[in-house]
Amino acid sequence: MTATRSPAIGRRSGRAPRGLVRVLQLLLLPVLLIALWWVSSATSANYYMPTPDVIAVTFGEVWFSERLFVDVLPSIGRLLLGFALAAVLGVGLGVVLGLSPRARAVTEPVLEFFRAVPPPVLVPLLMLLVGVNTPMKLAVIVSGCVWPILLNTIEGVRAVDTVLADTCRCYGIRRPRWLTTLVLRSASPQIMAGLRQGLSIAIILMVISEMFASSSGLGFTIVQFQRSFAIPEMWSGIVVLGLIGFALSVLFGVAERYVLGWYHGVRAASRGE
């Protein structure tokens with residue numbers, strides 16, 4: 001009698017190797033880079049290249065202390081608040097300009113001018129206008145990360161399918177339901193792309209704003225370590241920034257999959273999956 005294998009068991013047994021392969025793919029490059037850094041630093045007499053084990057020990061000593069509450073958490077708070085303000089401003093203004101060609105034509109030259117100004121250049125000006133305080137740091141973050149959100153929102157709103165717009169009009173769907181059901185949903189893929197770009201810029205500007213004028217925060221602390229030649233501590237601060245960026249990217253990816261679940265479903269259906 002020939003034994004039959006349950007399809008469910010076959011699927012379950014096949015999932016573990018695929019999951020293991022995925023984990024190995026994710027860890028392979030970081031492990032290789034750390035190994036390369038270890039070999040390079042161990043065979044070098046360069047004081048500015050400590051070995052990964054020294055950085056790891058310093059990381060635990062420096063950041064699992066009061067610096068977590070004095071520097072790390074306030075920086076993350078300013079980062080998230082500045083990003084949230086930029087998201088509200090960028091999406092709100094982007095919807096208005098995307099729906100109004102006349103308003104877009106009037107504001108486009110001014111928007112292009114301010115978009116071309118590098119945000120770090122505005123730091124001295126904002127220090128004079130706002131002062132050396134938390135609002136100045138938030139203004140620096142917003143001034144940089146609002147642009148990809150704004151421009152992607154405008155293009156997403158402009159690209160709304162006219163057939164769907166006519167269908168909504170025929171069924172009597174009016175604002176604000178028309179705005180939430182059709183416009184924002186249709187533009188959401190590009191809005192999320194702009195938000196992802198803005199989040200990366202927000203991390204950079206958070207550090208820059210703290211480097212210029214601050215007495216606390218990750219940017220300030222890393223600069224202080226560099227000026228006092230505390231090299232392992234400086235590298236440990238860079239590792240903290242990398243981990244924050246990675247964690248925020250993962251969390252944003254989860255939120256993006258939730259918000260764009262319908263979009264990925266439509267694309268999968270169009271491919272016949």
# chains A, B, ... in the order shown; residues from 1 in each chain; ligands from 1
>>> residues_around(residues="A:Ala103", least_positions_apart="6", cutoff="12 Å", atoms="only C-alpha atoms", output="list of chain:residue names")
A:Leu93, A:Gly94, A:Val95, A:Val96, A:Leu97, A:Pro109, A:Val110, A:Leu111, A:Ile154
>>> write_last_selection(atoms="N, CA, C and O atoms", output="CSV table (one decimal), in the first residue's frame")
chain,number,residue,atom,x,y,z
A,93,LEU,N,-2.0,70.2,2.0
A,93,LEU,CA,-1.7,71.1,1.0
A,93,LEU,C,-1.6,70.5,-0.4
A,93,LEU,O,-2.0,71.0,-1.4
A,94,GLY,N,-1.1,69.2,-0.4
A,94,GLY,CA,-1.0,68.5,-1.7
A,94,GLY,C,-2.3,68.2,-2.3
A,94,GLY,O,-2.5,68.2,-3.5
A,95,VAL,N,-3.3,67.8,-1.4
A,95,VAL,CA,-4.7,67.5,-1.9
A,95,VAL,C,-5.3,68.8,-2.5
A,95,VAL,O,-5.9,68.8,-3.6
A,96,VAL,N,-5.1,69.9,-1.8
A,96,VAL,CA,-5.7,71.2,-2.3
A,96,VAL,C,-5.1,71.6,-3.6
A,96,VAL,O,-5.8,71.9,-4.6
A,97,LEU,N,-3.8,71.5,-3.7
A,97,LEU,CA,-3.1,71.9,-5.0
A,97,LEU,C,-3.3,70.9,-6.1
A,97,LEU,O,-3.4,71.2,-7.3
A,109,PRO,N,5.8,78.4,-8.7
A,109,PRO,CA,7.1,79.0,-8.7
A,109,PRO,C,7.7,79.2,-7.3
A,109,PRO,O,8.8,79.0,-7.0
A,110,VAL,N,6.8,79.5,-6.3
A,110,VAL,CA,7.2,79.7,-4.9
A,110,VAL,C,7.6,78.4,-4.3
A,110,VAL,O,8.7,78.2,-3.6
A,111,LEU,N,6.8,77.3,-4.6
A,111,LEU,CA,7.2,76.0,-4.1
A,111,LEU,C,8.5,75.5,-4.6
A,111,LEU,O,9.3,74.9,-3.9
A,154,ILE,N,0.5,65.7,-4.6
A,154,ILE,CA,0.0,66.5,-5.7
A,154,ILE,C,-0.1,65.6,-7.0
A,154,ILE,O,-1.2,65.5,-7.6
>>> closest_residue(among="A:Ser188, A:Ala268, A:Gly261, A:Met234", to="A:Trp63", atoms="only C-alpha atoms")
A:Met234
>>> select_by_dssp(residues="stretch 130-180 of chain A", states="helix (DSSP H, G or I)", output="PyMOL selection string")
chain A and resi 134-158+162-170+177-180
>>> closest_atom_pairs(of="stretch 15-127 of chain A", to="stretch 210-215 of chain A", cutoff="9 Å", atoms="only C-alpha atoms", output="CSV")
residue,atom,partner,partner_atom,distance
A:Ser75,CA,A:Glu210,CA,8.5
A:Val123,CA,A:Phe212,CA,7.6
A:Pro124,CA,A:Phe212,CA,8.4
A:Met127,CA,A:Ala213,CA,8.2
>>> residues_around(residues="A:Ile244", least_positions_apart="5", cutoff="9 Å", atoms="only C-alpha atoms", output="list in words")
Ile76, Ile203, Val239 and Ser249 of chain A
>>> residues_around(residues="stretch 131-144 of chain A", least_positions_apart="2", cutoff="7 Å", atoms="only C-alpha atoms", output="list of chain:residue names")
A:Arg78, A:Gly82, A:Phe83, A:Leu85, A:Ala86, A:Pro119, A:Val123, A:Leu126, A:Met127, A:Leu128, A:Leu129, A:Val146, A:Trp147, A:Ile201, A:Ala202, A:Leu205, A:Met206, A:Ser209, A:Ala213
>>> residues_around(residues="stretch 34-37 of chain A", least_positions_apart="3", cutoff="9 Å", atoms="only C-alpha atoms", output="PyMOL selection string")
chain A and resi 29-31+40-42+49+51-52
>>> closest_residue(among="A:Gly253, A:Gly92, A:Gly194, A:Pro232", to="A:Pro50", atoms="only C-alpha atoms")
A:Pro232
>>> residues_around(residues="stretch 173-187 of chain A", least_positions_apart="2", cutoff="10 Å", atoms="only C-alpha atoms", output="PyMOL selection string")
chain A and resi 91+95+98-99+152-161+164-171+189-192+259-260+262-263
>>> atom_distance(atom1="atom CA of A:Ala269", atom2="atom CA of A:Val21")
27.1 Å
>>> residues_around(residues="A:Val70", least_positions_apart="4", cutoff="10 Å", atoms="only C-alpha atoms", output="JSON, numbers by chain")
{"A": [65, 66, 74, 75, 216, 217, 218]}
>>> atom_distance(atom1="atom CA of A:Gly219", atom2="atom CA of A:Trp38")
25.6 Å
>>> closest_residue(among="A:Phe114, A:Leu199, A:Ile204, A:Asn46", to="A:Val250", atoms="only C-alpha atoms")
A:Leu199
